[in-house]
file final.csv (CSV, C-alpha atoms)
chain,number,residue,atom,x,y,z
A,1,MET,CA,8.3,-7.2,36.4
A,2,SER,CA,5.1,-6.8,38.5
A,3,GLU,CA,5.5,-3.1,39.3
A,4,LEU,CA,1.8,-2.7,39.8
A,5,ALA,CA,1.6,-5.5,42.3
A,6,ALA,CA,4.7,-4.3,44.1
A,7,GLY,CA,3.3,-0.8,44.3
A,8,GLY,CA,0.4,-2.2,46.3
A,9,GLY,CA,-2.3,-1.3,43.7
A,10,GLN,CA,-3.2,-4.1,41.4
A,11,HIS,CA,-4.5,-3.5,37.9
A,12,PRO,CA,-8.3,-3.9,38.0
A,13,ALA,CA,-8.2,-6.3,35.1
A,14,LEU,CA,-5.6,-8.6,36.8
A,15,GLN,CA,-7.2,-11.8,38.1
A,16,HIS,CA,-5.9,-13.2,41.4
A,17,HIS,CA,-4.5,-16.4,40.0
A,18,PHE,CA,-2.1,-14.7,37.7
A,19,ARG,CA,1.2,-13.3,38.8
A,20,ASP,CA,1.0,-10.2,36.6
A,21,LEU,CA,-0.7,-8.8,33.6
A,22,GLU,CA,2.0,-10.1,31.3
A,23,GLN,CA,1.4,-13.7,32.4
A,24,GLN,CA,-2.3,-13.2,32.2
A,25,LYS,CA,-2.1,-11.9,28.7
A,26,ALA,CA,0.2,-14.8,27.6
A,27,ALA,CA,-2.3,-17.3,29.0
A,28,SER,CA,-5.2,-15.7,27.2
A,29,SER,CA,-3.2,-15.5,24.0
A,30,LEU,CA,-2.1,-19.2,24.2
A,31,GLY,CA,-5.7,-20.2,24.9
A,32,MET,CA,-6.9,-18.3,21.9
A,33,TRP,CA,-4.3,-19.9,19.7
A,34,VAL,CA,-5.2,-23.4,20.9
A,35,PHE,CA,-8.9,-22.6,20.0
A,36,ILE,CA,-7.7,-21.5,16.6
A,37,ALA,CA,-5.7,-24.7,16.2
A,38,GLN,CA,-9.0,-26.5,16.9
A,39,GLU,CA,-10.8,-24.4,14.3
A,40,ILE,CA,-8.1,-25.2,11.7
A,41,LEU,CA,-8.8,-28.9,12.2
A,42,PHE,CA,-12.6,-28.3,12.4
A,43,PHE,CA,-12.5,-26.7,9.0
A,44,GLY,CA,-9.8,-29.2,7.9
A,45,GLY,CA,-12.4,-32.0,7.9
A,46,ILE,CA,-14.6,-30.2,5.4
A,47,PHE,CA,-11.5,-29.3,3.3
A,48,MET,CA,-10.6,-33.0,3.3
A,49,ALA,CA,-14.1,-33.8,1.9
A,50,TYR,CA,-13.5,-31.1,-0.8
A,51,ILE,CA,-10.1,-32.7,-1.8
A,52,VAL,CA,-11.5,-36.2,-2.1
A,53,TYR,CA,-14.6,-35.2,-4.1
A,54,ARG,CA,-12.7,-32.8,-6.3
A,55,ILE,CA,-10.2,-35.6,-7.2
A,56,LYS,CA,-13.1,-37.9,-7.9
A,57,TYR,CA,-15.3,-35.5,-9.9
A,58,PRO,CA,-13.0,-32.9,-11.5
A,59,GLU,CA,-15.2,-31.9,-14.4
A,60,ALA,CA,-18.3,-31.4,-12.1
A,61,PHE,CA,-16.2,-29.1,-9.8
A,62,VAL,CA,-15.0,-27.0,-12.8
A,63,ALA,CA,-18.6,-26.7,-14.1
A,64,GLY,CA,-20.0,-25.8,-10.7
A,65,SER,CA,-17.2,-23.3,-10.1
A,66,HIS,CA,-17.6,-21.6,-13.4
A,67,HIS,CA,-21.2,-20.8,-12.6
A,68,LEU,CA,-20.2,-18.8,-9.5
A,69,SER,CA,-19.4,-15.2,-10.2
A,70,TRP,CA,-15.6,-14.7,-9.5
A,71,GLN,CA,-16.2,-10.9,-9.7
A,72,VAL,CA,-18.5,-11.2,-6.7
A,73,GLY,CA,-16.0,-13.4,-4.9
A,74,PHE,CA,-13.2,-11.0,-5.7
A,75,PHE,CA,-15.2,-8.1,-4.4
A,76,ASN,CA,-16.0,-10.0,-1.2
A,77,THR,CA,-12.4,-11.0,-0.7
A,78,LEU,CA,-11.3,-7.4,-0.9
A,79,VAL,CA,-14.0,-6.4,1.6
A,80,LEU,CA,-12.9,-9.1,4.0
A,81,ILE,CA,-9.2,-8.2,3.7
A,82,GLY,CA,-10.3,-4.6,4.4
A,83,SER,CA,-12.1,-5.7,7.5
A,84,SER,CA,-8.9,-7.4,8.7
A,85,LEU,CA,-7.0,-4.2,8.2
A,86,THR,CA,-9.6,-2.2,10.3
A,87,MET,CA,-9.5,-5.0,12.9
A,88,ALA,CA,-5.6,-4.8,13.1
A,89,MET,CA,-6.0,-1.0,13.3
A,90,ALA,CA,-8.4,-1.4,16.2
A,91,VAL,CA,-5.9,-3.5,18.1
A,92,TYR,CA,-3.2,-1.0,17.3
A,93,SER,CA,-5.3,1.9,18.6
A,94,ALA,CA,-6.0,0.0,21.8
A,95,ALA,CA,-2.3,-0.6,22.2
A,96,ILE,CA,-1.6,3.1,22.0
A,97,GLY,CA,-4.6,4.0,24.2
A,98,LYS,CA,-6.9,5.6,21.7
A,99,SER,CA,-10.2,4.3,22.9
A,100,ARG,CA,-12.4,6.3,20.5
A,101,ARG,CA,-10.4,5.1,17.6
A,102,VAL,CA,-10.8,1.5,18.8
A,103,VAL,CA,-14.6,2.0,18.7
A,104,GLY,CA,-14.4,3.5,15.2
A,105,PHE,CA,-12.2,0.8,13.8
A,106,ILE,CA,-14.3,-2.0,15.3
A,107,LEU,CA,-17.5,-0.4,13.9
A,108,ALA,CA,-15.8,-0.2,10.5
A,109,THR,CA,-14.9,-3.9,10.8
A,110,VAL,CA,-18.5,-4.7,11.7
A,111,LEU,CA,-19.7,-2.7,8.7
A,112,LEU,CA,-17.3,-4.4,6.3
A,113,GLY,CA,-18.3,-7.8,7.7
A,114,SER,CA,-21.9,-6.9,7.2
A,115,VAL,CA,-21.3,-5.9,3.6
A,116,PHE,CA,-19.6,-9.3,3.0
A,117,LEU,CA,-22.6,-11.1,4.5
A,118,GLY,CA,-25.0,-8.9,2.5
A,119,VAL,CA,-23.3,-9.9,-0.7
A,120,LYS,CA,-23.4,-13.5,0.4
A,121,TYR,CA,-27.1,-13.2,1.0
A,122,PHE,CA,-27.7,-12.1,-2.6
A,123,GLU,CA,-25.4,-14.9,-3.8
A,124,TYR,CA,-27.4,-17.5,-1.8
A,125,ALA,CA,-30.8,-16.0,-2.8
A,126,GLU,CA,-30.0,-16.4,-6.4
A,127,LYS,CA,-29.3,-20.1,-5.9
A,128,ILE,CA,-32.0,-20.9,-3.3
A,129,GLY,CA,-34.8,-18.7,-4.6
A,130,PRO,CA,-35.8,-20.9,-7.5
A,131,CYS,CA,-36.1,-23.9,-5.1
A,132,LEU,CA,-38.7,-22.4,-2.9
A,133,PRO,CA,-42.2,-23.7,-2.9
A,134,GLY,CA,-44.1,-22.1,-5.8
A,135,ALA,CA,-41.0,-21.1,-7.6
A,136,SER,CA,-40.2,-22.5,-11.1
A,137,GLY,CA,-37.3,-24.6,-10.0
A,138,VAL,CA,-35.2,-23.3,-13.0
A,139,GLY,CA,-31.7,-22.6,-11.8
A,140,CYS,CA,-32.2,-24.2,-8.4
A,141,LEU,CA,-28.8,-25.0,-7.1
A,142,VAL,CA,-29.7,-26.4,-3.7
A,143,PRO,CA,-28.7,-30.1,-3.8
A,144,GLY,CA,-31.7,-32.3,-3.6
A,145,GLU,CA,-34.8,-33.2,-5.7
A,146,ARG,CA,-35.2,-29.8,-7.3
A,147,PHE,CA,-31.5,-29.3,-8.2
A,148,ASP,CA,-31.3,-28.0,-11.8
A,149,ALA,CA,-28.0,-28.5,-13.5
A,150,SER,CA,-29.2,-27.2,-16.9
A,151,ALA,CA,-27.4,-23.9,-16.6
A,152,LEU,CA,-24.1,-25.5,-15.6
A,153,GLY,CA,-23.1,-26.8,-19.1
A,154,VAL,CA,-22.7,-30.4,-18.0
A,155,SER,CA,-24.8,-33.4,-18.8
A,156,GLY,CA,-25.1,-37.0,-17.7
A,157,GLU,CA,-23.5,-38.2,-14.5
A,158,ALA,CA,-21.4,-35.1,-14.1
A,159,ALA,CA,-24.6,-33.0,-13.8
A,160,GLY,CA,-25.5,-35.1,-10.8
A,161,HIS,CA,-22.0,-34.7,-9.4
A,162,THR,CA,-22.3,-30.9,-9.5
A,163,GLN,CA,-24.7,-31.4,-6.5
A,164,ILE,CA,-21.7,-32.5,-4.5
A,165,PHE,CA,-19.8,-29.3,-5.5
A,166,TYR,CA,-22.8,-27.2,-4.4
A,167,SER,CA,-23.2,-29.2,-1.1
A,168,LEU,CA,-19.6,-28.3,-0.3
A,169,TYR,CA,-20.1,-24.7,-1.5
A,170,PHE,CA,-23.0,-24.2,0.9
A,171,GLY,CA,-21.4,-26.1,3.7
A,172,MET,CA,-18.0,-24.3,3.5
A,173,THR,CA,-19.3,-20.8,2.8
A,174,GLY,CA,-22.2,-21.3,5.3
A,175,LEU,CA,-19.8,-22.4,8.1
A,176,HIS,CA,-17.6,-19.5,7.3
A,177,ALA,CA,-20.5,-17.0,7.3
A,178,LEU,CA,-21.7,-18.5,10.6
A,179,HIS,CA,-18.3,-17.7,12.1
A,180,MET,CA,-18.7,-14.1,11.0
A,181,ILE,CA,-22.3,-14.0,12.3
A,182,ILE,CA,-20.9,-15.1,15.7
A,183,GLY,CA,-18.0,-12.6,15.5
A,184,ILE,CA,-20.1,-9.5,14.8
A,185,PRO,CA,-21.9,-9.4,18.2
A,186,ILE,CA,-18.7,-10.2,20.0
A,187,LEU,CA,-17.1,-7.2,18.2
A,188,LEU,CA,-20.0,-5.0,19.2
A,189,VAL,CA,-19.7,-6.0,22.9
A,190,ILE,CA,-16.0,-5.1,22.8
A,191,ALA,CA,-16.7,-1.8,21.0
A,192,ARG,CA,-19.1,-1.0,23.9
A,193,ALA,CA,-16.4,-1.8,26.5
A,194,ALA,CA,-13.9,0.4,24.5
A,195,TRP,CA,-16.5,3.2,24.4
A,196,LYS,CA,-16.6,2.9,28.3
A,197,GLU,CA,-12.8,3.3,28.4
A,198,ARG,CA,-12.3,-0.3,29.8
A,199,TYR,CA,-9.1,-0.9,27.8
A,200,SER,CA,-5.6,0.6,28.2
A,201,PRO,CA,-2.2,0.1,26.6
A,202,GLU,CA,-1.4,-2.2,29.6
A,203,TRP,CA,-4.5,-4.3,29.2
A,204,HIS,CA,-6.7,-4.7,26.1
A,205,THR,CA,-6.6,-8.4,25.7
A,206,PRO,CA,-10.3,-8.8,24.6
A,207,VAL,CA,-9.6,-6.5,21.6
A,208,GLU,CA,-6.5,-8.6,20.7
A,209,MET,CA,-8.4,-11.9,21.1
A,210,VAL,CA,-11.4,-11.0,19.0
A,211,GLY,CA,-8.8,-9.7,16.5
A,212,LEU,CA,-7.2,-13.2,16.3
A,213,TYR,CA,-10.6,-14.7,15.7
A,214,TRP,CA,-11.5,-12.3,13.0
A,215,HIS,CA,-8.2,-12.7,11.2
A,216,PHE,CA,-8.6,-16.5,11.4
A,217,VAL,CA,-12.0,-16.2,9.7
A,218,ASP,CA,-10.4,-14.0,7.0
A,219,ILE,CA,-7.8,-16.8,6.4
A,220,VAL,CA,-10.5,-19.4,5.9
A,221,TRP,CA,-12.0,-17.2,3.2
A,222,ILE,CA,-8.5,-16.7,1.6
A,223,PHE,CA,-8.5,-20.4,0.9
A,224,LEU,CA,-12.2,-20.7,0.0
A,225,PHE,CA,-12.1,-18.1,-2.6
A,226,PRO,CA,-9.7,-19.8,-5.1
A,227,LEU,CA,-11.0,-23.3,-4.2
A,228,LEU,CA,-14.6,-22.5,-4.9
A,229,TYR,CA,-14.7,-19.5,-7.4
A,230,LEU,CA,-11.5,-20.0,-9.4
A,231,ILE,CA,-11.3,-23.7,-10.4
A,232,GLY,CA,-9.9,-24.3,-13.9
A,233,ALA,CA,-9.1,-21.6,-16.4
A,234,HIS,CA,-11.8,-18.9,-17.0
B,1,MET,CA,7.8,-12.8,26.4
B,2,SER,CA,5.1,-11.3,24.3
B,3,GLY,CA,7.4,-8.8,22.7
B,4,PRO,CA,6.4,-5.5,21.2
B,5,HIS,CA,2.9,-5.7,19.7
B,6,VAL,CA,2.8,-2.2,18.5
B,7,LEU,CA,3.9,-2.2,14.9
B,8,PRO,CA,4.0,1.0,12.8
B,9,VAL,CA,0.8,1.7,10.9
B,10,ARG,CA,2.6,1.5,7.6
B,11,VAL,CA,3.2,-2.2,8.3
B,12,TYR,CA,-0.5,-2.9,8.5
B,13,LEU,CA,-1.2,-0.8,5.4
B,14,GLY,CA,1.6,-2.6,3.5
B,15,ILE,CA,0.2,-6.0,4.4
B,16,PHE,CA,-3.2,-4.9,3.3
B,17,ALA,CA,-1.8,-3.7,0.0
B,18,ALA,CA,0.1,-7.0,-0.4
B,19,LEU,CA,-3.0,-9.0,0.3
B,20,SER,CA,-5.0,-7.0,-2.3
B,21,VAL,CA,-2.4,-7.3,-4.9
B,22,LEU,CA,-2.1,-11.1,-4.3
B,23,THR,CA,-5.9,-11.4,-4.6
B,24,ALA,CA,-5.7,-9.6,-7.9
B,25,ILE,CA,-2.9,-11.9,-9.0
B,26,THR,CA,-4.8,-15.1,-8.1
B,27,VAL,CA,-7.8,-13.8,-10.1
B,28,ALA,CA,-5.5,-12.9,-13.1
B,29,THR,CA,-3.7,-16.3,-13.1
B,30,ALA,CA,-7.1,-18.1,-13.0
B,31,GLN,CA,-7.7,-16.7,-16.5
B,32,PHE,CA,-5.0,-18.9,-17.8
B,33,ASP,CA,-4.7,-22.7,-17.9
B,34,PHE,CA,-1.4,-24.0,-16.4
B,35,GLY,CA,-2.8,-27.5,-16.5
B,36,PRO,CA,-2.0,-29.3,-13.2
B,37,LEU,CA,-0.1,-26.3,-12.0
B,38,ASN,CA,-3.4,-24.3,-11.6
B,39,ASN,CA,-4.0,-25.6,-8.1
B,40,LEU,CA,-0.4,-25.2,-7.1
B,41,VAL,CA,-0.4,-21.5,-8.2
B,42,ALA,CA,-3.8,-20.8,-6.5
B,43,LEU,CA,-2.9,-22.5,-3.2
B,44,GLY,CA,0.7,-21.0,-3.2
B,45,ILE,CA,-0.8,-17.5,-3.4
B,46,ALA,CA,-3.5,-18.3,-0.8
B,47,THR,CA,-0.8,-19.8,1.6
B,48,THR,CA,1.4,-16.7,1.1
B,49,LYS,CA,-1.6,-14.5,2.0
B,50,ALA,CA,-2.5,-16.6,5.0
B,51,THR,CA,1.1,-16.4,6.2
B,52,LEU,CA,1.2,-12.6,6.0
B,53,VAL,CA,-2.1,-12.4,8.0
B,54,VAL,CA,-0.8,-14.8,10.7
B,55,LEU,CA,2.7,-13.2,11.0
B,56,TYR,CA,1.7,-9.5,11.0
B,57,PHE,CA,-2.1,-9.0,11.5
B,58,MET,CA,-2.1,-11.8,14.2
B,59,HIS,CA,1.3,-10.8,15.5
B,60,ALA,CA,2.5,-14.4,15.5
B,61,ARG,CA,5.9,-13.3,14.5
B,62,TYR,CA,6.2,-11.4,17.9
B,63,SER,CA,4.2,-13.9,20.1
B,64,GLY,CA,6.9,-16.2,21.2
B,65,LYS,CA,7.9,-19.8,20.6
B,66,LEU,CA,4.9,-21.4,22.4
B,67,THR,CA,2.5,-19.8,19.9
B,68,ALA,CA,4.7,-21.0,17.0
B,69,VAL,CA,4.5,-24.5,18.4
B,70,VAL,CA,0.7,-24.4,18.6
B,71,ILE,CA,0.5,-23.1,15.0
B,72,ALA,CA,3.0,-25.6,13.6
B,73,THR,CA,1.2,-28.5,15.5
B,74,SER,CA,-2.2,-27.7,14.1
B,75,ILE,CA,-0.9,-27.4,10.6
B,76,GLY,CA,1.1,-30.6,11.1
B,77,PHE,CA,-2.0,-32.5,12.2
B,78,LEU,CA,-4.0,-31.0,9.3
B,79,PHE,CA,-1.4,-32.5,6.9
B,80,ILE,CA,-1.6,-35.9,8.7
B,81,LEU,CA,-5.3,-35.8,8.1
B,82,PHE,CA,-4.8,-35.0,4.4
B,83,PHE,CA,-2.0,-37.4,3.9
B,84,LEU,CA,-3.4,-40.5,5.6
B,85,THR,CA,-6.8,-40.0,4.1
B,86,LEU,CA,-5.4,-39.7,0.6
B,87,THR,CA,-3.0,-42.7,1.0
B,88,ASP,CA,-6.3,-44.6,1.5
B,89,TYR,CA,-8.5,-43.1,-1.2
B,90,LEU,CA,-5.8,-42.8,-3.9
B,91,SER,CA,-4.5,-46.4,-3.4
B,92,ARG,CA,-7.9,-48.2,-3.7
B,93,ALA,CA,-8.0,-50.9,-6.4
B,94,TRP,CA,-11.3,-49.6,-7.8
B,95,ALA,CA,-9.8,-46.1,-8.1
B,96,LEU,CA,-11.2,-43.0,-6.4

call {"tool": "encode", "arguments": {"input": "final.csv", "output": "structure tokens"}}
result
Amino acid sequence: MSELAAGGGQHPALQHHFRDLEQQKAASSLGMWVFIAQEILFFGGIFMAYIVYRIKYPEAFVAGSHHLSWQVGFFNTLVLIGSSLTMAMAVYSAAIGKSRRVVGFILATVLLGSVFLGVKYFEYAEKIGPCLPGASGVGCLVPGERFDASALGVSGEAAGHTQIFYSLYFGMTGLHALHMIIGIPILLVIARAAWKERYSPEWHTPVEMVGLYWHFVDIVWIFLFPLLYLIGAH
Amino acid sequence: MSGPHVLPVRVYLGIFAALSVLTAITVATAQFDFGPLNNLVALGIATTKATLVVLYFMHARYSGKLTAVVIATSIGFLFILFFLTLTDYLSRAWAL
């Protein structure tokens, strides 16, 4: 069981209140999963809002969704799935003790995450740009006074209700993007530690934990993509 | 307790391939109108993808019963949220 402790020399990463590395790792893992459980319910609230309003205003949701580019969403989904693969490979490399590869795979994950956020930037800019002071306001899709539903192919009350779709669009994708923006610096810190050979097959818990976080963020997008970009037949 | 976390590389590549194919399928099915089944198809595919990520990328399949309990509990509470909220909204006399 605790051969390291029995041998007199403790693993440098083992904290004194744990019996052995295995117990420490199990505690970290459980803590991370409880955090993710909290995240599921945190996102759950906004998904609940989405369900209620989509039932209430189905035609406005279809109109709002059709205006989003599913091609862009599809591309970004593949990019994010790719970043999950590189993240899984980083954890795998840490488990077999290849520190240089851990760094490489984490940097690839950061790169793919940045591509995703870059694409998101252009998607947002297209919708927010026309709303800025001095801009024409044509095609402004930020809910509020300058919201312009003329390009959405709906009229009357449904046109106003598309604002609710776009509120949820910005809220959900924004919250998701915020999670990635938080994840990227954490990944970089861990890449730096991997570069300094801090991790070993016996102990690489930070790599595994950031991996859990990154995969969770991927899962949120897996649900957001069809719910926002693919409503109704195209 | 934690079990073997080192899966062969081909498992990760296989999951990535499956996720990509399922993404393509969800886009392809969105070109057709299945009526009320649209949502069921889209959410079924998304749930399958999420399950693959949880089981293999996140190693939940090899992480022990306690992890499974945490995951099941959070999803259970998520459905309590959805269910109880909808019993209210969908049963209002003035309709949703």

call {"tool": "residues_around", "arguments": {"input": "final.csv", "residues": "Gly35 (chain B)", "least_positions_apart": "3", "cutoff": "10 Å", "atoms": "all atoms listed in the file", "output": "short mmCIF file (atom, residue, chain, number, x, y, z; two decimals) with C-alpha atoms, keeping the file's coordinate frame"}}
result
data_model
loop_
_atom_site.label_atom_id
_atom_site.label_comp_id
_atom_site.auth_asym_id
_atom_site.auth_seq_id
_atom_site.Cartn_x
_atom_site.Cartn_y
_atom_site.Cartn_z
CA GLY A 232 -9.90 -24.30 -13.90
CA ALA A 233 -9.10 -21.60 -16.40
CA PHE B 32 -5.00 -18.90 -17.80
CA ASN B 38 -3.40 -24.30 -11.60
CA ASN B 39 -4.00 -25.60 -8.10
CA LEU B 40 -0.40 -25.20 -7.10
#

call {"tool": "closest_atom_pairs", "arguments": {"input": "final.csv", "of": "chain A", "to": "chain B", "cutoff": "9 Å", "atoms": "only C-alpha atoms", "output": "Markdown table"}}
result
| residue | atom | partner | partner_atom | distance |
| --- | --- | --- | --- | --- |
| A:Glu22 | CA | B:Ser2 | CA | 7.7 |
| A:Gln23 | CA | B:Met1 | CA | 8.8 |
| A:Lys25 | CA | B:Ser2 | CA | 8.5 |
| A:Ala26 | CA | B:Ser2 | CA | 6.9 |
| A:Ser29 | CA | B:Thr67 | CA | 8.2 |
| A:Leu30 | CA | B:Thr67 | CA | 6.3 |
| A:Trp33 | CA | B:Thr67 | CA | 6.8 |
| A:Val34 | CA | B:Val70 | CA | 6.4 |
| A:Ile36 | CA | B:Ile71 | CA | 8.5 |
| A:Ala37 | CA | B:Ser74 | CA | 5.1 |
| A:Gln38 | CA | B:Ser74 | CA | 7.5 |
| A:Ile40 | CA | B:Ser74 | CA | 6.8 |
| A:Leu41 | CA | B:Leu78 | CA | 6.0 |
| A:Gly44 | CA | B:Leu78 | CA | 6.2 |
| A:Gly45 | CA | B:Leu81 | CA | 8.1 |
| A:Phe47 | CA | B:Phe82 | CA | 8.9 |
| A:Met48 | CA | B:Phe82 | CA | 6.2 |
| A:Ile51 | CA | B:Phe82 | CA | 8.5 |
| A:Val52 | CA | B:Leu86 | CA | 7.5 |
| A:Tyr53 | CA | B:Leu96 | CA | 8.8 |
| A:Ile55 | CA | B:Leu96 | CA | 7.5 |
| A:Lys56 | CA | B:Leu96 | CA | 5.6 |
| A:Trp70 | CA | B:Val27 | CA | 7.9 |
| A:Gln71 | CA | B:Val27 | CA | 8.9 |
| A:Phe74 | CA | B:Thr23 | CA | 7.4 |
| A:Thr77 | CA | B:Thr23 | CA | 7.6 |
| A:Leu78 | CA | B:Ser20 | CA | 6.5 |
| A:Ile81 | CA | B:Phe16 | CA | 6.9 |
| A:Gly82 | CA | B:Phe16 | CA | 7.2 |
| A:Ser84 | CA | B:Phe57 | CA | 7.5 |
| A:Leu85 | CA | B:Phe16 | CA | 6.2 |
| A:Met87 | CA | B:Phe57 | CA | 8.5 |
| A:Ala88 | CA | B:Phe57 | CA | 5.7 |
| A:Met89 | CA | B:Tyr12 | CA | 7.5 |
| A:Val91 | CA | B:Val6 | CA | 8.8 |
| A:Tyr92 | CA | B:Val6 | CA | 6.2 |
| A:Ala95 | CA | B:Val6 | CA | 6.5 |
| A:Ile96 | CA | B:Val6 | CA | 7.7 |
| A:Glu208 | CA | B:Met58 | CA | 8.5 |
| A:Gly211 | CA | B:Met58 | CA | 7.4 |
| A:Leu212 | CA | B:Met58 | CA | 5.7 |
| A:His215 | CA | B:Met58 | CA | 6.9 |
| A:Phe216 | CA | B:Val54 | CA | 8.0 |
| A:Asp218 | CA | B:Val53 | CA | 8.5 |
| A:Ile219 | CA | B:Ala50 | CA | 5.5 |
| A:Val220 | CA | B:Ala50 | CA | 8.5 |
| A:Ile222 | CA | B:Ala46 | CA | 5.8 |
| A:Phe223 | CA | B:Ala46 | CA | 5.7 |
| A:Phe225 | CA | B:Ala46 | CA | 8.8 |
| A:Pro226 | CA | B:Ala42 | CA | 6.1 |
| A:Leu227 | CA | B:Ala42 | CA | 8.0 |
| A:Leu230 | CA | B:Ala30 | CA | 6.0 |
| A:Ile231 | CA | B:Ala30 | CA | 7.5 |
| A:Gly232 | CA | B:Asp33 | CA | 6.8 |
| A:Ala233 | CA | B:Asp33 | CA | 4.8 |
| A:His234 | CA | B:Gln31 | CA | 4.7 |

call {"tool": "atom_distance", "arguments": {"input": "final.csv", "atom1": "CA of Ser83 (chain A)", "atom2": "CA of Leu112 (chain A)"}}
result
5.5 Å

call {"tool": "atom_distance", "arguments": {"input": "final.csv", "atom1": "CA of Tyr50 (chain A)", "atom2": "CA of Phe165 (chain A)"}}
result
8.1 Å

call {"tool": "closest_atom_pairs", "arguments": {"input": "final.csv", "of": "region 5-92 of chain A", "to": "region 147-153 of chain A", "cutoff": "10 Å", "atoms": "all atoms listed in the file", "output": "JSON lines"}}
result
{"residue": "A:Ala60", "atom": "CA", "partner": "A:Leu152", "partner_atom": "CA", "distance": 9.0}
{"residue": "A:Val62", "atom": "CA", "partner": "A:Leu152", "partner_atom": "CA", "distance": 9.6}
{"residue": "A:Ala63", "atom": "CA", "partner": "A:Leu152", "partner_atom": "CA", "distance": 5.8}
{"residue": "A:Gly64", "atom": "CA", "partner": "A:Leu152", "partner_atom": "CA", "distance": 6.4}
{"residue": "A:Ser65", "atom": "CA", "partner": "A:Leu152", "partner_atom": "CA", "distance": 9.1}
{"residue": "A:His66", "atom": "CA", "partner": "A:Leu152", "partner_atom": "CA", "distance": 7.9}
{"residue": "A:His67", "atom": "CA", "partner": "A:Leu152", "partner_atom": "CA", "distance": 6.3}
{"residue": "A:Leu68", "atom": "CA", "partner": "A:Leu152", "partner_atom": "CA", "distance": 9.9}

call {"tool": "closest_residue", "arguments": {"input": "final.csv", "among": "A:Ala191, A:Leu224, A:Val79, A:Ala158", "to": "Tyr57 (chain A)", "atoms": "all atoms listed in the file"}}
result
A:Ala158

call {"tool": "atom_distance", "arguments": {"input": "final.csv", "atom1": "CA of Leu22 (chain B)", "atom2": "CA of Leu55 (chain B)"}}
result
16.2 Å

call {"tool": "residues_around", "arguments": {"input": "final.csv", "residues": "Tyr124 (chain A)", "least_positions_apart": "2", "cutoff": "10 Å", "atoms": "only C-alpha atoms", "output": "ChimeraX atom specification"}}
result
/A:118-122,126-129,141-142,170,173-174

call {"tool": "closest_residue", "arguments": {"input": "final.csv", "among": "A:Val110, A:Leu80, A:Met172, A:Leu117", "to": "Ile184 (chain A)", "atoms": "all atoms listed in the file"}}
result
A:Val110

call {"tool": "residues_around", "arguments": {"input": "final.csv", "residues": "Ala194 (chain A)", "least_positions_apart": "2", "cutoff": "10 Å", "atoms": "only C-alpha atoms", "output": "VMD selection string"}}
result
chain A and resid 94 97 to 104 106 188 to 192 196 to 200 204 206 to 207

call {"tool": "decode", "arguments": {"input": "final.csv", "residues": "region 52-79 of chain B", "atoms": "C-alpha atoms", "output": "short mmCIF file (atom, residue, chain, number, x, y, z; two decimals), in the first residue's frame"}}
result
data_model
loop_
_atom_site.label_atom_id
_atom_site.label_comp_id
_atom_site.auth_asym_id
_atom_site.auth_seq_id
_atom_site.Cartn_x
_atom_site.Cartn_y
_atom_site.Cartn_z
CA LEU B 52 -18.59 9.05 -24.05
CA VAL B 53 -16.66 12.07 -22.76
CA VAL B 54 -17.56 11.33 -19.12
CA LEU B 55 -16.81 7.60 -19.28
CA TYR B 56 -13.57 7.66 -21.27
CA PHE B 57 -12.01 11.14 -21.47
CA MET B 58 -12.91 11.79 -17.82
CA HIS B 59 -12.22 8.18 -16.79
CA ALA B 60 -15.48 7.98 -14.83
CA ARG B 61 -15.79 4.35 -15.85
CA TYR B 62 -12.60 3.59 -13.91
CA SER B 63 -13.01 6.05 -11.03
CA GLY B 64 -15.00 3.99 -8.57
CA LYS B 65 -18.49 3.99 -7.14
CA LEU B 66 -18.21 7.23 -5.18
CA THR B 67 -17.60 9.18 -8.40
CA ALA B 68 -20.58 7.44 -9.99
CA VAL B 69 -22.75 8.47 -7.03
CA VAL B 70 -21.69 12.12 -7.35
CA ILE B 71 -22.42 12.13 -11.09
CA ALA B 72 -25.77 10.37 -10.70
CA THR B 73 -26.78 12.70 -7.87
CA SER B 74 -26.02 15.86 -9.82
CA ILE B 75 -27.93 14.63 -12.86
CA GLY B 76 -30.76 13.51 -10.56
CA PHE B 77 -31.04 16.98 -9.03
CA LEU B 78 -30.88 18.54 -12.48
CA PHE B 79 -33.95 16.53 -13.47
#
